[in-house]
$ cat target-v8.cif   # mmCIF, C-alpha atoms (C1' of nucleotides)
data_query
loop_
_atom_site.label_atom_id
_atom_site.label_comp_id
_atom_site.auth_asym_id
_atom_site.auth_seq_id
_atom_site.Cartn_x
_atom_site.Cartn_y
_atom_site.Cartn_z
CA MET Z 1 39.11 -22.46 25.17
CA GLU Z 2 41.78 -19.81 25.41
CA ARG Z 3 44.12 -19.78 22.46
CA GLN Z 4 47.89 -19.58 22.76
CA ILE Z 5 49.42 -17.40 20.06
CA LEU Z 6 52.97 -16.30 19.26
CA HIS Z 7 54.01 -13.70 16.72
CA VAL Z 8 57.62 -13.94 15.50
CA ASP Z 9 59.01 -10.86 13.77
CA VAL Z 10 62.55 -10.70 12.35
CA ASN Z 11 64.39 -7.54 13.46
CA ASN Z 12 65.41 -5.35 10.50
CA ALA Z 13 64.93 -8.43 8.35
CA PHE Z 14 66.34 -7.37 4.98
CA LEU Z 15 69.29 -5.61 6.58
CA SER Z 16 70.10 -8.46 8.98
CA TRP Z 17 69.86 -11.05 6.24
CA THR Z 18 72.02 -9.01 3.85
CA ALA Z 19 74.54 -8.62 6.72
CA LEU Z 20 74.69 -12.39 7.24
CA ASP Z 21 75.06 -13.03 3.52
CA MET Z 22 77.90 -10.51 3.29
CA LEU Z 23 79.69 -12.04 6.28
CA LYS Z 24 79.30 -15.47 4.74
CA ASN Z 25 80.99 -14.15 1.62
CA GLY Z 26 83.97 -12.82 3.55
CA SER Z 27 82.88 -9.27 4.33
CA GLU Z 28 85.00 -7.55 6.97
CA ILE Z 29 82.14 -5.44 8.20
CA ASP Z 30 78.81 -6.31 9.77
CA ILE Z 31 76.40 -3.74 8.36
CA ARG Z 32 74.17 -4.22 11.41
CA GLU Z 33 76.83 -2.35 13.40
CA ILE Z 34 77.07 0.76 11.21
CA PRO Z 35 74.58 3.35 9.89
CA ALA Z 36 73.26 1.43 6.90
CA VAL Z 37 70.09 0.79 4.93
CA ILE Z 38 68.80 -1.61 2.32
CA GLY Z 39 67.39 0.50 -0.45
CA GLY Z 40 66.30 0.70 -4.05
CA ASP Z 41 68.25 2.22 -6.92
CA GLU Z 42 68.04 6.00 -7.07
CA SER Z 43 69.14 6.08 -10.70
CA LYS Z 44 66.08 3.96 -11.51
CA ARG Z 45 63.89 6.27 -9.46
CA SER Z 46 63.16 3.58 -6.92
CA GLY Z 47 65.33 4.98 -4.17
CA ILE Z 48 63.47 4.24 -0.97
CA VAL Z 49 64.54 2.71 2.33
CA LEU Z 50 63.43 -0.92 2.71
CA ALA Z 51 65.24 -1.63 6.00
CA LYS Z 52 67.59 0.19 8.34
CA SER Z 53 70.21 -0.67 10.96
CA MET Z 54 69.78 0.44 14.57
CA LYS Z 55 72.47 3.10 14.03
CA ALA Z 56 70.54 4.47 11.05
CA LYS Z 57 67.35 4.42 13.10
CA GLU Z 58 69.10 6.49 15.78
CA CYS Z 59 69.74 9.15 13.11
CA GLY Z 60 66.00 9.27 12.50
CA VAL Z 61 65.95 7.24 9.28
CA LYS Z 62 62.53 5.78 8.57
CA THR Z 63 61.42 2.86 6.44
CA ALA Z 64 59.85 3.86 3.08
CA GLU Z 65 61.35 7.35 3.03
CA THR Z 66 63.68 8.28 0.17
CA ILE Z 67 67.35 7.44 0.35
CA TYR Z 68 67.96 11.11 -0.38
CA GLN Z 69 66.11 12.08 2.80
CA ALA Z 70 67.86 9.36 4.77
CA ARG Z 71 71.28 10.64 3.66
CA MET Z 72 70.38 14.16 4.74
CA LYS Z 73 69.64 12.88 8.24
CA CYS Z 74 72.57 10.54 8.36
CA PRO Z 75 75.72 11.65 6.53
CA GLY Z 76 77.97 8.72 5.64
CA LEU Z 77 75.02 6.36 5.46
CA LYS Z 78 75.83 3.15 3.59
CA VAL Z 79 73.25 1.85 1.13
CA PHE Z 80 73.03 -1.77 0.00
CA PRO Z 81 70.75 -3.39 -2.57
CA SER Z 82 68.08 -5.94 -1.70
CA ASN Z 83 68.32 -9.60 -2.65
CA PHE Z 84 65.02 -11.42 -2.41
CA LYS Z 85 66.50 -14.75 -3.29
CA ILE Z 86 68.54 -14.88 -0.13
CA TYR Z 87 65.70 -13.38 1.92
CA ARG Z 88 63.52 -16.27 0.85
CA GLU Z 89 66.21 -18.71 1.99
CA TYR Z 90 66.55 -17.17 5.44
CA SER Z 91 62.78 -16.95 5.73
CA ASN Z 92 62.57 -20.68 5.00
CA GLN Z 93 65.24 -21.45 7.61
CA LEU Z 94 63.16 -19.60 10.18
CA TYR Z 95 60.01 -21.42 9.10
CA GLN Z 96 61.75 -24.81 9.40
CA LEU Z 97 62.87 -24.00 12.93
CA LEU Z 98 59.39 -22.85 13.93
CA LEU Z 99 57.89 -26.06 12.56
CA GLU Z 100 59.58 -27.85 15.46
CA TYR Z 101 57.09 -26.08 17.74
CA THR Z 102 53.81 -26.34 15.82
CA ASP Z 103 52.58 -27.07 12.33
CA LYS Z 104 49.97 -24.35 12.72
CA ILE Z 105 52.07 -21.52 11.31
CA GLU Z 106 50.81 -18.63 9.24
CA ARG Z 107 53.48 -16.99 7.12
CA PHE Z 108 52.15 -13.48 7.38
CA SER Z 109 54.97 -12.03 5.28
CA ILE Z 110 58.54 -12.94 4.36
CA ASP Z 111 59.70 -11.96 7.85
CA GLU Z 112 56.69 -12.54 10.12
CA CYS Z 113 54.90 -15.64 11.36
CA PHE Z 114 51.96 -16.36 13.63
CA LEU Z 115 52.11 -19.62 15.59
CA ASP Z 116 49.05 -21.31 17.09
CA MET Z 117 50.54 -23.10 20.10
CA THR Z 118 47.21 -24.04 21.68
CA GLN Z 119 47.69 -27.79 21.24
CA TYR Z 120 51.48 -27.77 21.53
CA LEU Z 121 52.45 -26.35 24.90
CA MET Z 122 52.99 -29.65 26.73
CA ASN Z 123 54.05 -28.64 30.23
CA ALA Z 124 55.70 -25.37 29.28
CA THR Z 125 54.12 -21.94 29.40
CA LEU Z 126 53.60 -19.89 26.26
CA LEU Z 127 56.14 -17.37 27.50
CA GLN Z 128 58.76 -20.10 27.97
CA LYS Z 129 58.22 -21.24 24.38
CA GLY Z 130 58.52 -17.68 23.14
CA LYS Z 131 61.81 -17.21 24.97
CA GLU Z 132 63.16 -20.49 23.68
CA ILE Z 133 62.33 -19.54 20.07
CA ASN Z 134 63.94 -16.14 20.54
CA ARG Z 135 67.15 -17.76 21.88
CA ARG Z 136 67.33 -20.59 19.38
CA VAL Z 137 66.83 -18.38 16.32
CA LYS Z 138 69.67 -16.15 17.47
CA GLU Z 139 72.01 -19.06 18.28
CA GLU Z 140 71.21 -21.30 15.36
CA LEU Z 141 70.35 -18.88 12.55
CA GLY Z 142 72.44 -15.86 13.50
CA PHE Z 143 69.76 -13.15 13.40
CA THR Z 144 67.41 -11.84 16.07
CA VAL Z 145 63.64 -11.84 16.35
CA ASN Z 146 61.02 -10.20 18.52
CA VAL Z 147 58.37 -12.54 19.87
CA GLY Z 148 54.89 -11.44 20.90
CA VAL Z 149 53.09 -13.66 23.41
CA ALA Z 150 49.30 -13.41 23.74
CA HIS Z 151 45.93 -15.09 23.43
CA ASN Z 152 45.03 -13.79 19.99
CA LYS Z 153 46.84 -12.67 16.83
CA LEU Z 154 46.23 -8.94 17.23
CA LEU Z 155 47.65 -8.81 20.76
CA ALA Z 156 50.60 -11.03 19.81
CA LYS Z 157 51.40 -8.72 16.91
CA MET Z 158 51.09 -5.60 19.02
CA ALA Z 159 53.36 -7.21 21.64
CA SER Z 160 56.13 -8.11 19.20
CA ASP Z 161 56.18 -4.46 18.16
CA PHE Z 162 56.87 -3.04 21.64
CA THR Z 163 60.62 -2.58 22.16
CA LYS Z 164 63.19 -3.90 19.73
CA PRO Z 165 65.39 -5.70 18.96
CA ASP Z 166 65.75 -9.24 20.31
CA ARG Z 167 62.92 -9.09 22.84
CA VAL Z 168 60.03 -11.21 24.04
CA HIS Z 169 56.92 -9.36 25.21
CA THR Z 170 53.62 -10.58 26.59
CA LEU Z 171 50.31 -8.82 26.09
CA PHE Z 172 47.68 -10.67 28.07
CA GLU Z 173 44.21 -9.24 28.59
CA GLU Z 174 44.95 -7.87 32.06
CA GLU Z 175 48.01 -6.05 30.67
CA ILE Z 176 46.06 -4.16 27.99
CA PRO Z 177 45.43 -0.97 30.03
CA ASP Z 178 49.08 -0.53 31.03
CA LYS Z 179 50.84 -1.79 27.92
CA MET Z 180 48.51 -0.91 25.05
CA TRP Z 181 46.03 1.80 26.01
CA THR Z 182 48.84 4.21 26.85
CA LEU Z 183 50.20 4.08 23.28
CA PRO Z 184 49.34 6.68 20.61
CA VAL Z 185 46.44 5.53 18.47
CA SER Z 186 48.72 5.49 15.41
CA GLU Z 187 50.45 2.43 16.88
CA LEU Z 188 47.34 0.27 16.53
CA PHE Z 189 47.52 -2.32 13.77
CA MET Z 190 45.45 -1.26 10.72
CA LEU Z 191 45.35 2.41 11.64
CA GLY Z 192 47.22 4.27 8.94
CA LYS Z 193 48.02 7.84 8.05
CA ARG Z 194 44.56 8.60 6.66
CA THR Z 195 42.56 7.50 9.67
CA VAL Z 196 44.73 8.81 12.49
CA PRO Z 197 44.13 12.55 11.74
CA LYS Z 198 40.38 11.91 11.65
CA LEU Z 199 40.56 10.28 15.08
CA TYR Z 200 42.62 13.20 16.38
CA ASN Z 201 39.83 15.53 15.29
CA MET Z 202 37.49 13.43 17.40
CA GLN Z 203 39.81 13.92 20.40
CA ILE Z 204 40.92 10.30 20.17
CA ARG Z 205 44.68 10.29 20.70
CA THR Z 206 45.60 7.05 22.48
CA ILE Z 207 44.52 3.48 21.92
CA GLY Z 208 42.80 3.80 25.29
CA ASP Z 209 40.77 6.77 24.03
CA LEU Z 210 39.68 4.65 21.08
CA ALA Z 211 38.83 1.67 23.28
CA LYS Z 212 36.56 3.81 25.47
CA SER Z 213 34.97 5.69 22.59
CA ASN Z 214 31.49 5.02 21.25
CA LYS Z 215 31.44 2.00 18.94
CA LYS Z 216 28.27 3.15 17.17
CA ILE Z 217 29.74 6.53 16.31
CA LEU Z 218 32.84 4.85 14.91
CA GLN Z 219 30.68 2.52 12.87
CA ASP Z 220 28.66 5.41 11.43
CA LYS Z 221 31.80 7.31 10.53
CA PHE Z 222 34.11 4.51 9.34
CA GLY Z 223 31.81 1.58 8.52
CA LYS Z 224 33.25 -1.90 9.04
CA HIS Z 225 36.66 -0.41 9.57
CA GLY Z 226 35.28 1.55 12.53
CA VAL Z 227 33.95 -1.57 14.22
CA MET Z 228 37.26 -3.33 13.65
CA MET Z 229 39.37 -0.53 15.11
CA TRP Z 230 37.18 -0.39 18.21
CA GLU Z 231 37.52 -4.14 18.69
CA TYR Z 232 41.28 -4.03 18.14
CA ALA Z 233 41.65 -1.21 20.65
CA ASN Z 234 39.85 -3.42 23.14
CA GLY Z 235 42.07 -6.38 22.32
CA ILE Z 236 39.28 -8.31 20.59
CA ASP Z 237 40.31 -10.50 17.64
CA ASN Z 238 38.85 -13.92 16.89
CA SER Z 239 40.66 -14.51 13.59
CA GLU Z 240 42.35 -17.87 13.11
CA VAL Z 241 46.00 -18.59 12.37
CA LYS Z 242 45.79 -19.43 8.66
CA TYR Z 243 48.33 -22.19 8.41
CA LEU Z 244 47.08 -23.78 5.19
CA LYS Z 245 48.60 -22.29 2.08
CA GLU Z 246 46.04 -20.17 0.28
CA LYS Z 247 45.80 -19.63 -3.43
CA PRO Z 248 46.43 -16.04 -4.52
CA LYS Z 249 43.37 -13.86 -5.23
CA GLY Z 250 45.22 -11.74 -7.76
CA ILE Z 251 48.61 -11.57 -9.45
CA GLY Z 252 50.23 -8.34 -10.59
CA ASN Z 253 53.45 -6.68 -11.57
CA SER Z 254 54.28 -3.03 -11.93
CA ILE Z 255 57.33 -1.02 -12.79
CA THR Z 256 58.50 2.50 -12.12
CA LEU Z 257 60.13 3.64 -15.34
CA PRO Z 258 63.65 5.09 -15.28
CA GLU Z 259 62.15 8.14 -17.00
CA ASP Z 260 58.65 9.31 -17.78
CA ILE Z 261 57.11 8.01 -21.00
CA THR Z 262 54.65 9.91 -23.19
CA GLU Z 263 54.43 7.64 -26.22
CA ILE Z 264 51.70 5.04 -26.23
CA GLU Z 265 53.80 2.67 -28.35
CA LYS Z 266 56.39 2.51 -25.59
CA LEU Z 267 53.68 1.98 -22.99
CA ASP Z 268 52.46 -0.93 -25.11
CA GLU Z 269 55.89 -2.49 -24.96
CA ILE Z 270 55.99 -2.19 -21.20
CA LEU Z 271 52.55 -3.77 -21.01
CA LEU Z 272 53.72 -6.67 -23.16
CA ALA Z 273 56.66 -7.36 -20.89
CA LEU Z 274 54.36 -7.13 -17.85
CA ALA Z 275 51.80 -9.42 -19.50
CA GLU Z 276 54.51 -11.99 -20.15
CA HIS Z 277 55.48 -12.03 -16.52
CA VAL Z 278 51.98 -11.95 -15.05
CA ALA Z 279 50.70 -14.70 -17.35
CA TYR Z 280 53.76 -16.79 -16.63
CA ARG Z 281 53.14 -16.55 -12.89
CA LEU Z 282 49.47 -17.30 -13.45
CA ARG Z 283 50.27 -20.49 -15.38
CA LYS Z 284 52.80 -21.49 -12.73
CA GLU Z 285 50.01 -21.28 -10.15
CA LYS Z 286 47.78 -23.31 -12.47
CA MET Z 287 45.12 -20.63 -12.31
CA LEU Z 288 42.97 -18.68 -14.74
CA ALA Z 289 41.99 -15.02 -14.49
CA LYS Z 290 38.73 -13.31 -15.34
CA VAL Z 291 39.69 -9.69 -14.71
CA VAL Z 292 42.53 -7.68 -16.24
CA ASN Z 293 43.55 -4.40 -14.62
CA VAL Z 294 45.93 -1.72 -15.89
CA GLN Z 295 47.34 0.95 -13.60
CA LEU Z 296 49.09 4.16 -14.63
CA ARG Z 297 50.87 6.66 -12.41
CA ASN Z 298 51.59 10.06 -13.90
CA ASN Z 299 54.47 12.41 -13.19
CA ASN Z 300 52.41 14.04 -10.41
CA PHE Z 301 52.01 10.70 -8.66
CA VAL Z 302 48.32 10.46 -9.48
CA ASP Z 303 47.17 6.88 -10.01
CA THR Z 304 44.42 5.77 -12.33
CA SER Z 305 43.29 2.25 -13.15
CA HIS Z 306 40.91 0.60 -15.53
CA GLN Z 307 39.77 -2.98 -15.51
CA LYS Z 308 37.81 -5.32 -17.69
CA LYS Z 309 35.97 -8.49 -16.95
CA LEU Z 310 36.52 -11.19 -19.56
CA GLY Z 311 33.89 -13.54 -20.91
CA ASN Z 312 36.10 -16.53 -20.18
CA ALA Z 313 38.88 -17.01 -17.67
CA THR Z 314 42.31 -17.11 -19.28
CA ASP Z 315 46.01 -17.67 -18.71
CA SER Z 316 47.06 -16.63 -22.20
CA THR Z 317 49.78 -14.02 -22.51
CA LYS Z 318 48.26 -12.81 -25.75
CA GLU Z 319 44.76 -12.41 -24.40
CA ILE Z 320 45.93 -10.65 -21.25
CA PHE Z 321 48.15 -8.35 -23.29
CA GLU Z 322 45.45 -7.48 -25.79
CA THR Z 323 42.95 -6.71 -23.05
CA ALA Z 324 45.55 -4.58 -21.29
CA LYS Z 325 46.28 -2.72 -24.50
CA GLU Z 326 42.59 -2.02 -24.97
CA LEU Z 327 42.36 -0.67 -21.42
CA LEU Z 328 45.41 1.51 -21.97
CA GLU Z 329 43.89 3.05 -25.08
CA GLN Z 330 40.70 3.71 -23.14
CA MET Z 331 42.40 5.49 -20.26
CA TYR Z 332 45.57 7.11 -21.60
CA ARG Z 333 45.30 10.80 -22.25
CA LYS Z 334 47.70 11.64 -25.03
CA GLY Z 335 50.84 13.39 -23.91
CA THR Z 336 50.59 12.63 -20.19
CA PRO Z 337 54.01 11.74 -18.77
CA ILE Z 338 53.75 8.29 -17.22
CA ARG Z 339 55.95 7.25 -14.32
CA LEU Z 340 54.62 3.79 -13.49
CA VAL Z 341 52.81 1.09 -15.40
CA GLY Z 342 51.12 -1.84 -13.65
CA LEU Z 343 49.27 -4.90 -14.86
CA ARG Z 344 47.38 -7.27 -12.64
CA VAL Z 345 44.86 -10.04 -13.01
CA ASP Z 346 42.08 -10.70 -10.51
CA ASP Z 347 39.09 -12.95 -10.00
CA LEU Z 348 41.26 -16.06 -10.22
CA THR Z 349 39.93 -19.60 -10.44
CA ASP Z 350 41.65 -22.96 -10.33
CA GLU Z 351 42.45 -24.48 -13.69
CA GLU Z 352 41.17 -27.83 -12.36
CA GLU Z 353 37.79 -26.40 -11.40
CA MET Z 354 37.40 -24.91 -14.86
CA GLN Z 355 38.07 -28.25 -16.50
CA ILE Z 356 35.14 -29.94 -14.79
CA SER Z 357 32.75 -27.16 -15.66
CA LEU Z 358 30.33 -27.92 -18.47
CA PHE Z 359 31.24 -25.20 -20.90
CA GLN Z 360 34.79 -25.36 -22.14
CA PRO Z 361 36.10 -22.09 -23.45
CA GLN Z 362 37.43 -21.99 -26.98
CA LYS Z 363 41.18 -22.32 -26.80
CA ASP Z 364 43.79 -21.07 -29.16
CA GLU Z 365 45.89 -24.21 -29.17
CA LYS Z 366 48.73 -22.75 -31.13
CA GLN Z 367 49.04 -19.85 -28.71
CA GLU Z 368 48.82 -22.19 -25.73
CA LYS Z 369 51.63 -24.31 -27.06
CA LEU Z 370 53.79 -21.25 -27.58
CA ASP Z 371 53.14 -20.06 -24.01
CA LYS Z 372 54.11 -23.47 -22.63
CA THR Z 373 57.29 -23.65 -24.68
CA ILE Z 374 58.36 -20.24 -23.48
CA ASP Z 375 57.55 -21.13 -19.88
CA LYS Z 376 59.86 -24.13 -20.12
CA LEU Z 377 62.68 -22.03 -21.52
CA LYS Z 378 62.19 -19.58 -18.70
CA GLU Z 379 62.31 -22.35 -16.09
CA LYS Z 380 65.54 -23.58 -17.64
CA TYR Z 381 67.43 -20.43 -18.49
CA GLY Z 382 65.90 -17.82 -16.23
CA TYR Z 383 63.28 -15.21 -16.76
CA HIS Z 384 65.34 -12.93 -18.96
CA PHE Z 385 66.04 -15.58 -21.53
CA ILE Z 386 63.21 -14.79 -23.86
CA THR Z 387 60.73 -12.07 -24.51
CA ARG Z 388 58.41 -11.50 -27.35
CA ALA Z 389 58.84 -7.78 -27.08
CA GLY Z 390 60.69 -7.59 -30.36
CA ASN Z 391 62.25 -4.28 -29.47
CA MET Z 392 65.35 -4.61 -27.30
CA GLN Z 393 64.61 -1.25 -25.70
CA THR Z 394 61.92 -2.89 -23.66
CA GLU Z 395 64.51 -5.09 -22.02
CA ASP Z 396 66.50 -2.00 -21.17
CA PHE Z 397 63.49 -0.56 -19.45
CA VAL Z 398 62.07 -3.53 -17.74
CA LYS Z 399 64.27 -5.44 -15.37
CA PHE Z 400 62.49 -8.04 -13.37
CA LYS Z 401 63.84 -9.94 -10.49
CA LYS Z 402 63.60 -13.50 -11.60
CA GLU Z 403 62.03 -14.95 -8.52
CA GLU Z 404 60.36 -12.74 -6.00
CA THR Z 405 57.80 -12.87 -3.22
"C1'" DT N 1 69.82 14.06 -6.94
"C1'" DC N 2 62.70 12.71 -3.85
"C1'" DT N 3 58.54 9.36 -3.31
"C1'" DG N 4 58.98 0.49 -4.59
"C1'" DG N 5 56.41 -3.42 -5.46
"C1'" DG N 6 53.54 -7.07 -3.93
"C1'" DG N 7 49.20 -7.89 -1.99
"C1'" DT N 8 43.97 -7.81 0.46
"C1'" DC N 9 39.67 -5.86 1.55
"C1'" DC N 10 36.11 -2.31 1.42
"C1'" DT N 11 33.04 1.32 -0.52
"C1'" DA N 12 30.25 3.97 -3.58
"C1'" DG N 13 27.89 4.76 -7.72
"C1'" DG N 14 25.85 3.25 -12.06
"C1'" DA N 15 23.64 -0.37 -14.87
"C1'" DC N 16 20.37 -3.64 -15.01
"C1'" DC N 17 16.74 -6.80 -13.50
"C1'" DC N 18 12.41 -7.99 -11.30
"C1'" DT M 1 1.67 11.20 -14.55
"C1'" DC M 2 2.85 11.81 -7.24
"C1'" DT M 3 8.64 8.41 -10.48
"C1'" DG M 4 9.73 2.46 -5.75
"C1'" DG M 5 12.96 -0.27 -4.08
"C1'" DG M 6 15.73 -4.44 -3.37
"C1'" DG M 7 19.36 -7.30 -5.25
"C1'" DT M 8 23.44 -8.26 -8.04
"C1'" DC M 9 27.17 -7.19 -11.04
"C1'" DC M 10 30.70 -4.19 -12.54
"C1'" DT M 11 34.08 -0.52 -12.09
"C1'" DA M 12 37.23 3.03 -9.96
"C1'" DG M 13 39.36 4.36 -6.20
"C1'" DG M 14 40.88 4.29 -1.35
"C1'" DA M 15 43.03 2.39 2.76
"C1'" DC M 16 45.90 -0.65 4.84
"C1'" DC M 17 49.67 -4.17 5.38
"C1'" DC M 18 54.84 -5.77 4.82
#
$ encode --input "target-v8.cif" --output "structure tokens"
Amino acid sequence: MERQILHVDVNNAFLSWTALDMLKNGSEIDIREIPAVIGGDESKRSGIVLAKSMKAKECGVKTAETIYQARMKCPGLKVFPSNFKIYREYSNQLYQLLLEYTDKIERFSIDECFLDMTQYLMNATLLQKGKEINRRVKEELGFTVNVGVAHNKLLAKMASDFTKPDRVHTLFEEEIPDKMWTLPVSELFMLGKRTVPKLYNMQIRTIGDLAKSNKKILQDKFGKHGVMMWEYANGIDNSEVKYLKEKPKGIGNSITLPEDITEIEKLDEILLALAEHVAYRLRKEKMLAKVVNVQLRNNNFVDTSHQKKLGNATDSTKEIFETAKELLEQMYRKGTPIRLVGLRVDDLTDEEEMQISLFQPQKDEKQEKLDKTIDKLKEKYGYHFITRAGNMQTEDFVKFKKEET
DNA sequence: TCTGGGGTCCTAGGACCC
DNA sequence: TCTGGGGTCCTAGGACCC
């Protein structure tokens, strides 16, 4: 049976939501109407564009470029900080509205949802539902969305990306040649900046070129990815709308340092702060990790990572930190200026599943109790309340947003 | 006064086992 | 005395997404 899929994509999400929040707090200006961006903090060396207004886009400002570059293109550009707490709220408002249409909703990111409408169309057409959602979000929530209307997720996503903002586009199978094959191959979902030049060398320039190219050759050259891109170019995608909440497969935090660090003792402090946060999130998910991974980025933007598989899965701050420290010592070449430090845990399992397994790992009960006590204090007073990084300098370096993603 | 932070999935090579 | 070969686990890195 043919599936009925919608993709809902908030236009300039972070910027629109910041605009609404500012207006709510008495702002005279609507930053959606001026050249403006949401961006990081240049003084903390995280100055990149996260979202842009239409006026900024007209200047040629692009997402993910530096604010410095954006200013060069667009003199007088206004820059505003992000606020993930309010973004989460607006995202939830959108989700609640969409739930009136179907409970089969996949939250693909904070500002994008896929809806499986197959069982929920009643007497309406899919396009009518898409238009209604587009209108209601604007009227009831105050921001605009693009809606893609199609029979699978890939085509719905491609459709919502056509012209913006505040539009509803269909991309049914018979429309593929006119609406999709004419586009440059770089527009295809999952084709990034590494693959596109390789396709150009093969004389593949449009999505249509890719669709008509030889699948076997793509497979030989790009492996699984090659098969996938050929199928996508032909509008083939059988993946389901994943509406059930999935457990995370890994949890990580990283930080770009305000200035490069060359002392391993300072790197240790950063790792401790990261371990605190990662382990805290892990315990909040009621999960245990078996792999610890440390990432370093040097002043030349070269990334290296080392990981270690543990004998027993853990959620202990101490154990994660000590493993991370060990990895750091292994990989850090003395004197290298470090720009970014990251810590992540992978190979996660449910705490519950571990408890029913036959072999219980040895637990450090004292440490466990300390972790739990600190977690409670954090829940109560916020993440910054306590840190075991005895040196206050660490706090100066490491500022975490309390509640993100 | 340049280049974030959070993820997922895949690949390739080495170790090790039978 | 011509050195196999398949399977799994582990690790490092790459590519892509928002």
$ closest_residue --input "target-v8.cif" --among "Z:Thr63, Z:Asn201, Z:Asn312, Z:Thr182" --to "chain M" --atoms "only C-alpha atoms (C1' of nucleotides)"
Z:Thr63
$ resolve_selection --input "target-v8.cif" --expression "the PyMOL selection byres ((chain Z) within 10 of (chain N))" --output "VMD selection string"
chain Z and resid 39 to 43 45 to 50 64 to 69 223 to 225 248 to 256 301 342 404 to 405
$ resolve_selection --input "target-v8.cif" --expression "the PyMOL selection byres ((chain Z and resi 118) around 8)" --output "ChimeraX atom specification"
/Z:2-5,116-117,119-121
$ write_last_selection --input "target-v8.cif" --atoms "C-alpha atoms" --output "CSV table (one decimal), in the coordinates of the input"
chain,number,residue,atom,x,y,z
Z,2,GLU,CA,41.8,-19.8,25.4
Z,3,ARG,CA,44.1,-19.8,22.5
Z,4,GLN,CA,47.9,-19.6,22.8
Z,5,ILE,CA,49.4,-17.4,20.1
Z,116,ASP,CA,49.0,-21.3,17.1
Z,117,MET,CA,50.5,-23.1,20.1
Z,119,GLN,CA,47.7,-27.8,21.2
Z,120,TYR,CA,51.5,-27.8,21.5
Z,121,LEU,CA,52.4,-26.4,24.9
$ resolve_selection --input "target-v8.cif" --expression "the PyMOL selection byres ((chain Z and resi 351) around 9)" --output "MDAnalysis selection string"
chainID Z and resid 283 285:288 349:350 352:355
$ atom_distance --input "target-v8.cif" --atom1 "CA of Val294 in chain Z" --atom2 "CA of Lys309 in chain Z"
12.1 Å
